[in-house]
Amino acid sequence: MMINPNVAYSFSSIFHRLEGHRSTNGCGRKKKLYNYTYFTEWSIAVNGKGEFSSSAEGIEAKFNNGMNDLVKNIGPNEWRISHSHILSSYLNESDLVMDYWRASVEAQGCRMVNTIMLRDPLNHALSLYRLHATKSSTREEWVRHLRSPSEGGRWATSLDFFLYDIRNQRNPYGVSKNEKVRRGLELLKRHFDVVAVADHGFYLKESLRLTG
């Protein structure tokens, strides 16, 4: 998030995961921001042996603690930027902390803008396929996750990644595809000010518009 108390607005890259970081960085350069703080905390979810990270909860805790510090004591003419990526947060379970961060920022007379950009489903799936051999997986295992909208496993769709990241498996609660769509739309509406799907131009334009 970028925060400037003097003009009561901010720009947030807090959840621009997947592809958004390139557009967010471009936005920052275009606005020529110099007095800013940048924070991120993330890690690889699945190692070369196909094993899930054993430190996922620790990464999430570090990210939350860092964010709690980042939203405090915002100075004049100061911007703050954060980037949530792999293992940083699990949006399905993050309502309370996201509400807290926004409330903390707004209590200081600032505006918080949360942005997100997702890959389109096809590009996301193909990106995973390029990795399958490096994760001790097979083409058959990768294809199987495309055939079922709700089974578990190591390979996640864009929607699974958005809701649950990759902690120990895809769709850890075994919910239906309709429930995942409902929950995803609920989170987008409640927490995000800019939502884009594989459109860097729109993402950049809207982010600049909202931050003046």
# chains A, B, ... in the order shown; residues from 1 in each chain; ligands from 1
>>> closest_atom_pairs(of="region 105-193 of chain A", to="region 70-76 of chain A", cutoff="10 Å", atoms="only C-alpha atoms", output="CSV")
residue,atom,partner,partner_atom,distance
A:Val105,CA,A:Val71,CA,5.8
A:Glu106,CA,A:Val71,CA,9.6
A:Gln108,CA,A:Ile74,CA,7.5
A:Gly109,CA,A:Ile74,CA,9.7
A:Cys110,CA,A:Ile74,CA,8.8
A:Met112,CA,A:Val71,CA,9.7
>>> residues_around(residues="region 137-151 of chain A", least_positions_apart="3", cutoff="8 Å", atoms="only C-alpha atoms", output="short mmCIF file (atom, residue, chain, number, x, y, z; two decimals) with C-alpha atoms, in the first residue's frame")
data_model
loop_
_atom_site.label_atom_id
_atom_site.label_comp_id
_atom_site.auth_asym_id
_atom_site.auth_seq_id
_atom_site.Cartn_x
_atom_site.Cartn_y
_atom_site.Cartn_z
CA GLY A 50 7.17 -32.15 -4.54
CA TYR A 129 2.61 -27.26 -16.47
CA HIS A 132 5.58 -30.02 -13.20
CA ALA A 133 8.85 -31.84 -13.91
CA THR A 134 10.70 -29.70 -11.35
CA TRP A 155 -1.88 -28.31 -8.49
CA ALA A 156 -4.27 -25.41 -7.96
CA THR A 157 -6.45 -23.38 -10.29
CA ARG A 170 -5.57 -27.53 -3.29
CA ASN A 171 -9.08 -26.86 -1.92
CA GLY A 174 -13.26 -29.76 0.01
CA VAL A 175 -15.91 -27.21 -0.92
CA SER A 176 -17.84 -27.20 -4.18
CA LYS A 177 -16.91 -25.06 -7.17
#
>>> closest_residue(among="A:Gln169, A:Thr211, A:Asn92, A:Ser136", to="Leu188 (chain A)", atoms="only C-alpha atoms")
A:Asn92
>>> residues_around(residues="Tyr38 (chain A)", least_positions_apart="3", cutoff="7 Å", atoms="only C-alpha atoms", output="compact mmCIF listing (two decimals) with all heavy atoms, in the first residue's frame")
# COMPACT_ATOMS: atom_id res chain seq x y z
N ARG A 80 3.56 3.93 1.70
CA ARG A 80 3.98 2.60 2.12
C ARG A 80 3.39 1.57 1.16
O ARG A 80 2.22 1.65 0.80
CB ARG A 80 3.56 2.33 3.56
CG ARG A 80 4.23 3.31 4.52
CD ARG A 80 4.03 2.96 5.96
NE ARG A 80 4.62 3.97 6.81
CZ ARG A 80 4.59 3.93 8.13
NH1 ARG A 80 4.02 2.91 8.76
NH2 ARG A 80 5.14 4.89 8.84
N ILE A 81 4.22 0.62 0.78
CA ILE A 81 3.86 -0.35 -0.25
C ILE A 81 4.07 -1.74 0.31
O ILE A 81 5.10 -2.01 0.94
CB ILE A 81 4.74 -0.19 -1.50
CG1 ILE A 81 4.76 1.27 -1.96
CG2 ILE A 81 4.29 -1.12 -2.61
CD1 ILE A 81 5.85 1.56 -2.97
N SER A 82 3.13 -2.62 0.07
CA SER A 82 3.33 -4.01 0.47
C SER A 82 2.93 -4.94 -0.67
O SER A 82 2.13 -4.58 -1.52
CB SER A 82 2.51 -4.35 1.73
OG SER A 82 1.13 -4.27 1.45
>>> select_by_dssp(residues="region 35-142 of chain A", states="strand (DSSP E)", output="number ranges by chain")
A: 36-40, 79-83, 115-118
>>> select_by_dssp(residues="chain A", states="helix (DSSP H, G or I)", output="PyMOL selection string")
chain A and resi 20-31+56-70+91-93+95-107+121-129+132-135+139-147+158-164+177-191+200-210
>>> closest_residue(among="A:Ser104, A:His85, A:Thr37, A:Arg154", to="Phe52 (chain A)", atoms="only C-alpha atoms")
A:Arg154
